[in-house]
Every structure is written in C-alpha cells, then in structure tokens.
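First the structure, in the form of structure tokens, and then the observations on it.
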Protein chains: 2
Amino acid sequence: MNSDKNRFEEIGTPDDLRLEKFLPYRLSVLSNRVSNAIAQAYGQRFELTIPAWRVMAILGRFPDLSAADLVEQTAMDKVAISRAVSALFRNDYITRSEDPGDRRRQVLNLSPLGRDVYERIVPLAQQYENDLMASLSVEERQQLDSIIEKLMGRAQTWAERGLID
Amino acid sequence: MNSDKNRFEEIGTPDDLRLEKFLPYRLSVLSNRVSNAIAQAYGQRFELTIPAWRVMAILGRFPDLSAADLVEQTAMDKVAISRAVSALFRNDYITRSEDPGDRRRQVLNLSPLGRDVYERIVPLAQQYENDLMASLSVEERQQLDSIIEKLMGRAQTWAERGLID
DNA sequence: CGATGGTGGTTACAATTGAAACCAATGTTA
DNA sequence: TAACATTGGTTTCAATTGTAACCACCATCG
C-alpha cells in the first residue's frame with residue numbers, strides 16, 4: 001500500500017513491545033475481522049445479530065433448552081441471551097413455552113420458520129469457515145485446533161483464579 | 001463443574017453446525033477472554049482502556065506521530081484513536097504539539113509521566129503474553145504465528161473484496 | 001486569487017454492551 | 001408455614017462503540 005516504509009523512526013529500548021507481534025492484539029484484530037465479515041453476511045440476509053445466530057445454532061441442535069441452558073452452552077452472558085431470545089421471538093424464529101414443572105423457566109425451540117432459516121444459515125457459516133480453513137494445510141488445522149484449546153485453557157484460569165500477581 | 005453431561009439431548013442432521021468447533025466462534029471467545037483479563041489488569045493499575053494502551057504502545061516506540069499515523073499503525077479507526085488520544089491527553093500521559101508545517105496535524109508524544117507508565121506496562125503485558133505462550137511448545141508458537149498470518153490474510157480479502165458470493 | 005476537492009481530526013447521535021437492580025417463582029430452614 | 005436465600009429471566013442505566021456529519025486547513029486548477 002505504501003512503499004515509504006521508513007516514514008516512522010523507531011526508537012525504543014531492547015525489550016520494547018511490538019504491538020504487531022503481541023498475541024492478544026493479533027487475536028483481537030483477527031477475531032474482529034472475521035466476526036465483522038460474518039455478522040454482515042448474516043445481518044444482510046436474515047436480520048440476525050451474532051448473539052442471535054449463536055442462540056439459533058445451539059437450539060438447532062439441542063431442542064427444549066431454557067435461557068439458562070443457553071448461557072451454559074454459549075459462554076454468553078444472561079443479558080445477551082435474554083435480548084437475543086426476545087429478538088428471535090419477535091421475528092418468529094423461535095417459540096417460548098412455559099415449563100409446567102417450573103413456572104419461571106421457558107422452554108425454547110426453533111419455530112418452523114426458524115428451522116428453515118437455520119438450515120439456510122448453516123451452509124453459509126460452513127462456507128465462511130471452509131474459506132478460512134482453505135488457507136491452511138491439514139496439519140495446520142490440527143495444530144490450530146490444539147493450540148486454541150491450550151490458549152483457551154490458560155486464559156480460562158486467568159478468569160477463574162484472578163489475574164497474574 | 002457438572003457431571004451430568006447428558007442433560008441435553010442432541011438431535012440434528014449430519015451436517016449440523018457445532019458451535020464449539022466453529023472457528024469464528026472459538027476465536028471470538030478466546031480473544032474476548034484474553035482481552036478482558038488484560039483490560040482489567042491495565043485498567044485497575046493505570047486507568048487505561050485497551051485502545052488507549054495501544055496508542056501508548058505505538059507512541060512508546062515511534063515518537064512524533066499524528067493521529068492519522070496511529071490509524072495506519074494500529075488497525076483502529078479514526079474515532080477510536082481520537083478518543084483515546086483525548087483521554088491520554090487529559091491524564092497527562094501524552095503531549096500534543098502543533099505541526100508548524102500543517103496546522104491541522106498534531107504531533108503526539110508520550111509525556112515523561114506517560115513514558116513512565118509505558119515502561120511499567122510493557123513488562124506487565126509481556127508477562128501476560130509469556131504466560132499464554134508458556135502453554136505452547138516452541139514449534140507451536142511458530143505454527144501459531146504463521147497460521148494467524150494466513151487467516152488474517154484471508155479475512156482481510158473478505159473485507160476488501162466484499163463477502164463470499 | 002477563488003472555487004473545488006481532499007485530509008486531519010472532532011462532534012453528535014444512535015446502536016450495542018455490561019453491571020447492577022429488580023421481579024417472580026422456587027427451594028430451604030426452622 | 002413464615003422467613004430467607006437462590007434461581008430464571010427482564011429491565012434500567014451508564015459506558016463503549018460505530019457511522020455520519022462536520023469544521024478547519026491544505027492543495028490544486030482554472
């Protein structure tokens with residue numbers, strides 16, 4: 001984009017921090033790029049936000065869940081789920097029915113319309129993922145899988161046991 | 001946490017989408033966990049948001065940049081930079097001086113206080129990164145590096161050339 | 001010059017998000 | 001069964017973020 005690479009003069013000490021090499025930063029940029037592209041695809045075609053789509057993705061596989069179950073499955077928080085569920089309900093993508101055993105709880109399911117949309121989104125989602133994965137070799141895909149698990153585990157313990165120091 | 005793994009009954013067709021295996025989802029969860037932990041660490045100690053910290057990280061290495069230069073270096077947008085810069089200026093972490101050659105432009109630098117904070121944050125940031133990286137082998141770190149580059153490239157083209165289809 | 005278009009940066013406003021308070025129903029204890 | 005704590009879910013309010021409009025300055029071209 002710009003051939004004048006030395007416009008910026010670097011100073012700084014040996015143990016300086018190179019943002020462009022800093023893993024948390026890179027993860028954030030990558031994740032945002034990917035999510036934004038996909039959010040746009042879903043949003044354009046089906047009036048769906050990412051949280052709403054996640055809820056549908058879970059309900060498509062696991063019927064009869066409550067909002068609390070969704071929280072457990074998605075790593076999203078209560079409020080986000082509640083809002084996504086309301087929006088989906090407004091669009092007639094899901095049904096809410098009362099749990100006779102516990103009148104606080106509502107049992108959620110895809111409606112026929114919702115299932116229809118679900119079945120059209122799944123291939124779209126897979127297409128995006130395939131397109132991403134196509135830039136990696138088979139070994140790299142496995143590597144990535146296991147690396148993500150490890151990093152996730154480490155970051156998880158940060159959240160649980162408080163931060164370093 | 002919960003030994004009753006079969007509370008949820010999976011239905012679904014062969015080519016169903018498993019959210020927990022879906023790369024965009026996993027990236028997003030991972031990135032959020034990492035960022036949140038770090039944001040909290042910075043925020044607690046130095047009243048710094050992530051965007052503000054990014055600006056400092058760049059200015060620490062490259063003095064005399066303008067806001068536009070920061071946009072170029074950080075992949076953040078104009079407005080985010082503008083806000084981060086204002087906040088940093090309010091806290092006396094950076095200085096703004098007028099560019100005599102172009103009176104729209106302001107030349108930014110860390111103040112002595114800012115540099116002081118910068119020098120205390122860099123090790124903290126590195127500590128987080130090291131802690132993450134410690135869960136990976138040396139080969140895995142290289143693999144991750146190159147995988148991220150590839151994925152980034154792919155996602156980049158989505159943004160540039162419009163979406164798939 | 002004077003008009004026109006581009007650039008650096010900020011402001012305004014709407015949409016999204018998060019934290020905490022909240023309500024209703026259930027469970028628990030005495 | 002009265003009191004209290006817990007759980008499912010929603011609402012409220014403030015903080016964060018994104019988009020577009022905007023102002024001031026600079027550059028170009030007639």
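Please note that chains go A, B, ... in the order of the structure tokens, that every chain numbers its residues from 1, and that ligands are numbered from 1 in the order shown.
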Problem set entry | chain D contacts on chain B, only C-alpha atoms (C1' of nucleotides), 9 Å, as number ranges by chain | B: 79-80, 102-104
Superimposed copy of chain B on chain A by least squares over C-alpha atoms, as a tab-separated table (two decimals) with C-alpha atoms, in the first residue's frame:
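For reference, out.tsv as written:
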```tsv
chain	number	residue	atom	x	y	z
B	1	MET	CA	-0.45	0.16	-0.41
B	2	ASN	CA	2.38	2.43	0.52
B	3	SER	CA	5.95	2.02	-0.58
B	4	ASP	CA	7.40	4.55	1.83
B	5	LYS	CA	8.08	2.14	4.63
B	6	ASN	CA	10.43	4.33	6.53
B	7	ARG	CA	8.19	7.18	7.26
B	8	PHE	CA	8.21	6.14	10.88
B	9	GLU	CA	11.40	6.17	12.78
B	10	GLU	CA	11.61	3.59	15.46
B	11	ILE	CA	13.35	4.43	18.68
B	12	GLY	CA	12.98	2.36	21.75
B	13	THR	CA	14.84	0.09	24.03
B	14	PRO	CA	15.75	-3.56	23.45
B	15	ASP	CA	12.79	-5.01	25.30
B	16	ASP	CA	10.27	-2.80	23.63
B	17	LEU	CA	6.87	-4.17	22.82
B	18	ARG	CA	5.96	-4.73	19.21
B	19	LEU	CA	2.24	-4.46	19.07
B	20	GLU	CA	2.05	-6.23	15.75
B	21	LYS	CA	3.71	-9.28	17.32
B	22	PHE	CA	1.78	-9.17	20.56
B	23	LEU	CA	-0.49	-12.17	20.73
B	24	PRO	CA	-3.46	-10.60	22.50
B	25	TYR	CA	-3.49	-7.81	19.96
B	26	ARG	CA	-3.24	-10.13	17.01
B	27	LEU	CA	-6.00	-12.34	18.32
B	28	SER	CA	-8.22	-9.36	18.76
B	29	VAL	CA	-7.65	-8.02	15.28
B	30	LEU	CA	-8.14	-11.42	13.71
B	31	SER	CA	-11.26	-12.16	15.65
B	32	ASN	CA	-12.78	-8.79	14.88
B	33	ARG	CA	-12.12	-9.08	11.19
B	34	VAL	CA	-13.66	-12.50	11.02
B	35	SER	CA	-16.64	-11.66	13.17
B	36	ASN	CA	-17.39	-8.45	11.37
B	37	ALA	CA	-17.37	-10.08	7.98
B	38	ILE	CA	-19.66	-12.82	9.15
B	39	ALA	CA	-21.96	-10.56	11.11
B	40	GLN	CA	-22.44	-8.57	7.99
B	41	ALA	CA	-23.29	-11.64	5.97
B	42	TYR	CA	-25.85	-12.85	8.49
B	43	GLY	CA	-27.25	-9.42	9.12
B	44	GLN	CA	-27.74	-8.55	5.49
B	45	ARG	CA	-29.55	-11.72	4.64
B	46	PHE	CA	-31.54	-12.52	7.74
B	47	GLU	CA	-31.72	-9.64	10.19
B	48	LEU	CA	-29.63	-11.60	12.66
B	49	THR	CA	-27.04	-10.42	15.11
B	50	ILE	CA	-24.19	-12.65	16.16
B	51	PRO	CA	-25.61	-13.42	19.59
B	52	ALA	CA	-28.96	-14.28	18.02
B	53	TRP	CA	-27.31	-16.49	15.49
B	54	ARG	CA	-25.46	-18.30	18.24
B	55	VAL	CA	-28.68	-18.98	20.04
B	56	MET	CA	-30.17	-20.40	16.87
B	57	ALA	CA	-27.10	-22.49	16.24
B	58	ILE	CA	-27.51	-24.14	19.61
B	59	LEU	CA	-31.26	-24.52	19.43
B	60	GLY	CA	-30.92	-26.09	16.01
B	61	ARG	CA	-29.03	-28.96	17.55
B	62	PHE	CA	-30.54	-29.07	21.01
B	63	PRO	CA	-34.29	-28.53	21.25
B	64	ASP	CA	-36.18	-27.67	24.41
B	65	LEU	CA	-33.54	-25.63	26.12
B	66	SER	CA	-34.11	-22.85	28.60
B	67	ALA	CA	-32.25	-19.55	28.56
B	68	ALA	CA	-30.11	-20.79	31.42
B	69	ASP	CA	-29.16	-23.86	29.41
B	70	LEU	CA	-28.12	-21.55	26.60
B	71	VAL	CA	-25.91	-19.60	28.95
B	72	GLU	CA	-24.22	-22.82	29.88
B	73	GLN	CA	-23.69	-23.84	26.28
B	74	THR	CA	-22.58	-20.58	24.70
B	75	ALA	CA	-20.30	-18.77	27.10
B	76	MET	CA	-22.54	-15.76	26.61
B	77	ASP	CA	-24.05	-14.01	29.55
B	78	LYS	CA	-27.59	-14.02	30.87
B	79	VAL	CA	-28.51	-10.63	29.57
B	80	ALA	CA	-27.14	-11.19	26.10
B	81	ILE	CA	-29.11	-14.39	25.88
B	82	SER	CA	-32.25	-12.74	27.16
B	83	ARG	CA	-32.00	-10.03	24.55
B	84	ALA	CA	-31.19	-12.39	21.73
B	85	VAL	CA	-34.10	-14.60	22.69
B	86	SER	CA	-36.51	-11.67	22.76
B	87	ALA	CA	-35.36	-10.53	19.34
B	88	LEU	CA	-35.67	-14.01	17.89
B	89	PHE	CA	-39.11	-14.34	19.40
B	90	ARG	CA	-40.19	-11.04	17.90
B	91	ASN	CA	-39.06	-12.28	14.48
B	92	ASP	CA	-40.92	-15.54	14.95
B	93	TYR	CA	-37.69	-17.48	14.68
B	94	ILE	CA	-38.24	-19.29	17.94
B	95	THR	CA	-41.10	-20.35	20.19
B	96	ARG	CA	-41.29	-19.97	23.93
B	97	SER	CA	-43.42	-22.32	25.96
B	98	GLU	CA	-43.94	-22.49	29.65
B	99	ASP	CA	-42.37	-25.30	31.53
B	100	PRO	CA	-45.26	-26.84	33.50
B	101	GLY	CA	-42.88	-28.12	36.14
B	102	ASP	CA	-41.28	-24.75	36.76
B	103	ARG	CA	-43.21	-21.66	35.87
B	104	ARG	CA	-40.14	-19.41	35.78
B	105	ARG	CA	-38.55	-21.43	33.06
B	106	GLN	CA	-39.39	-21.13	29.40
B	107	VAL	CA	-38.68	-23.85	26.96
B	108	LEU	CA	-37.27	-22.58	23.70
B	109	ASN	CA	-37.35	-24.06	20.23
B	110	LEU	CA	-36.84	-23.01	16.66
B	111	SER	CA	-40.13	-22.28	14.94
B	112	PRO	CA	-40.66	-23.73	11.47
B	113	LEU	CA	-39.58	-20.39	10.07
B	114	GLY	CA	-36.59	-20.41	12.38
B	115	ARG	CA	-35.57	-23.86	11.34
B	116	ASP	CA	-35.85	-22.83	7.77
B	117	VAL	CA	-33.52	-19.91	8.32
B	118	TYR	CA	-31.23	-22.09	10.39
B	119	GLU	CA	-30.91	-24.54	7.56
B	120	ARG	CA	-29.99	-21.81	5.18
B	121	ILE	CA	-27.45	-20.23	7.49
B	122	VAL	CA	-25.56	-23.35	8.41
B	123	PRO	CA	-24.14	-23.77	4.91
B	124	LEU	CA	-23.29	-20.10	4.77
B	125	ALA	CA	-21.43	-20.34	8.05
B	126	GLN	CA	-19.67	-23.45	6.87
B	127	GLN	CA	-18.70	-21.72	3.70
B	128	TYR	CA	-16.99	-18.98	5.68
B	129	GLU	CA	-15.24	-21.44	7.85
B	130	ASN	CA	-14.13	-23.52	4.89
B	131	ASP	CA	-12.86	-20.47	3.18
B	132	LEU	CA	-10.77	-19.61	6.23
B	133	MET	CA	-9.56	-23.15	6.67
B	134	ALA	CA	-8.65	-23.41	3.03
B	135	SER	CA	-5.68	-21.20	3.75
B	136	LEU	CA	-4.32	-23.86	6.12
B	137	SER	CA	-2.92	-27.31	5.53
B	138	VAL	CA	-4.47	-30.31	7.20
B	139	GLU	CA	-1.72	-30.42	9.79
B	140	GLU	CA	-2.08	-26.74	10.47
B	141	ARG	CA	-5.76	-27.21	11.15
B	142	GLN	CA	-5.04	-29.79	13.78
B	143	GLN	CA	-2.31	-27.68	15.24
B	144	LEU	CA	-4.62	-24.71	15.44
B	145	ASP	CA	-7.28	-26.77	17.11
B	146	SER	CA	-5.00	-27.95	19.84
B	147	ILE	CA	-3.32	-24.58	20.26
B	148	ILE	CA	-6.63	-22.86	20.75
B	149	GLU	CA	-7.59	-25.38	23.38
B	150	LYS	CA	-4.40	-24.74	25.28
B	151	LEU	CA	-4.65	-20.98	25.12
B	152	MET	CA	-8.27	-21.14	26.10
B	153	GLY	CA	-7.39	-23.17	29.12
B	154	ARG	CA	-4.75	-20.73	30.20
B	155	ALA	CA	-6.94	-17.69	29.73
B	156	GLN	CA	-9.69	-19.50	31.56
B	157	THR	CA	-7.61	-19.85	34.67
B	158	TRP	CA	-6.92	-16.12	34.58
B	159	ALA	CA	-10.61	-15.51	34.81
B	160	GLU	CA	-11.11	-18.02	37.60
B	161	ARG	CA	-8.19	-17.49	39.86
B	162	GLY	CA	-7.75	-13.79	39.42
B	163	LEU	CA	-4.96	-12.24	37.40
B	164	ILE	CA	-1.26	-12.76	37.54
B	165	ASP	CA	0.30	-11.37	40.71
```
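In terms of minimum interatomic distance to chain A, C:DT17 ranks closest within C:DA30, C:DT7, C:DC22, C:DT17, counting only C-alpha atoms (C1' of nucleotides).
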| query | Per DSSP on the backbone, what are the strand (DSSP E or B) residues of range 23-123 of chain A, as a ChimeraX atom specification? | reply | /A:65,94-99,102-110
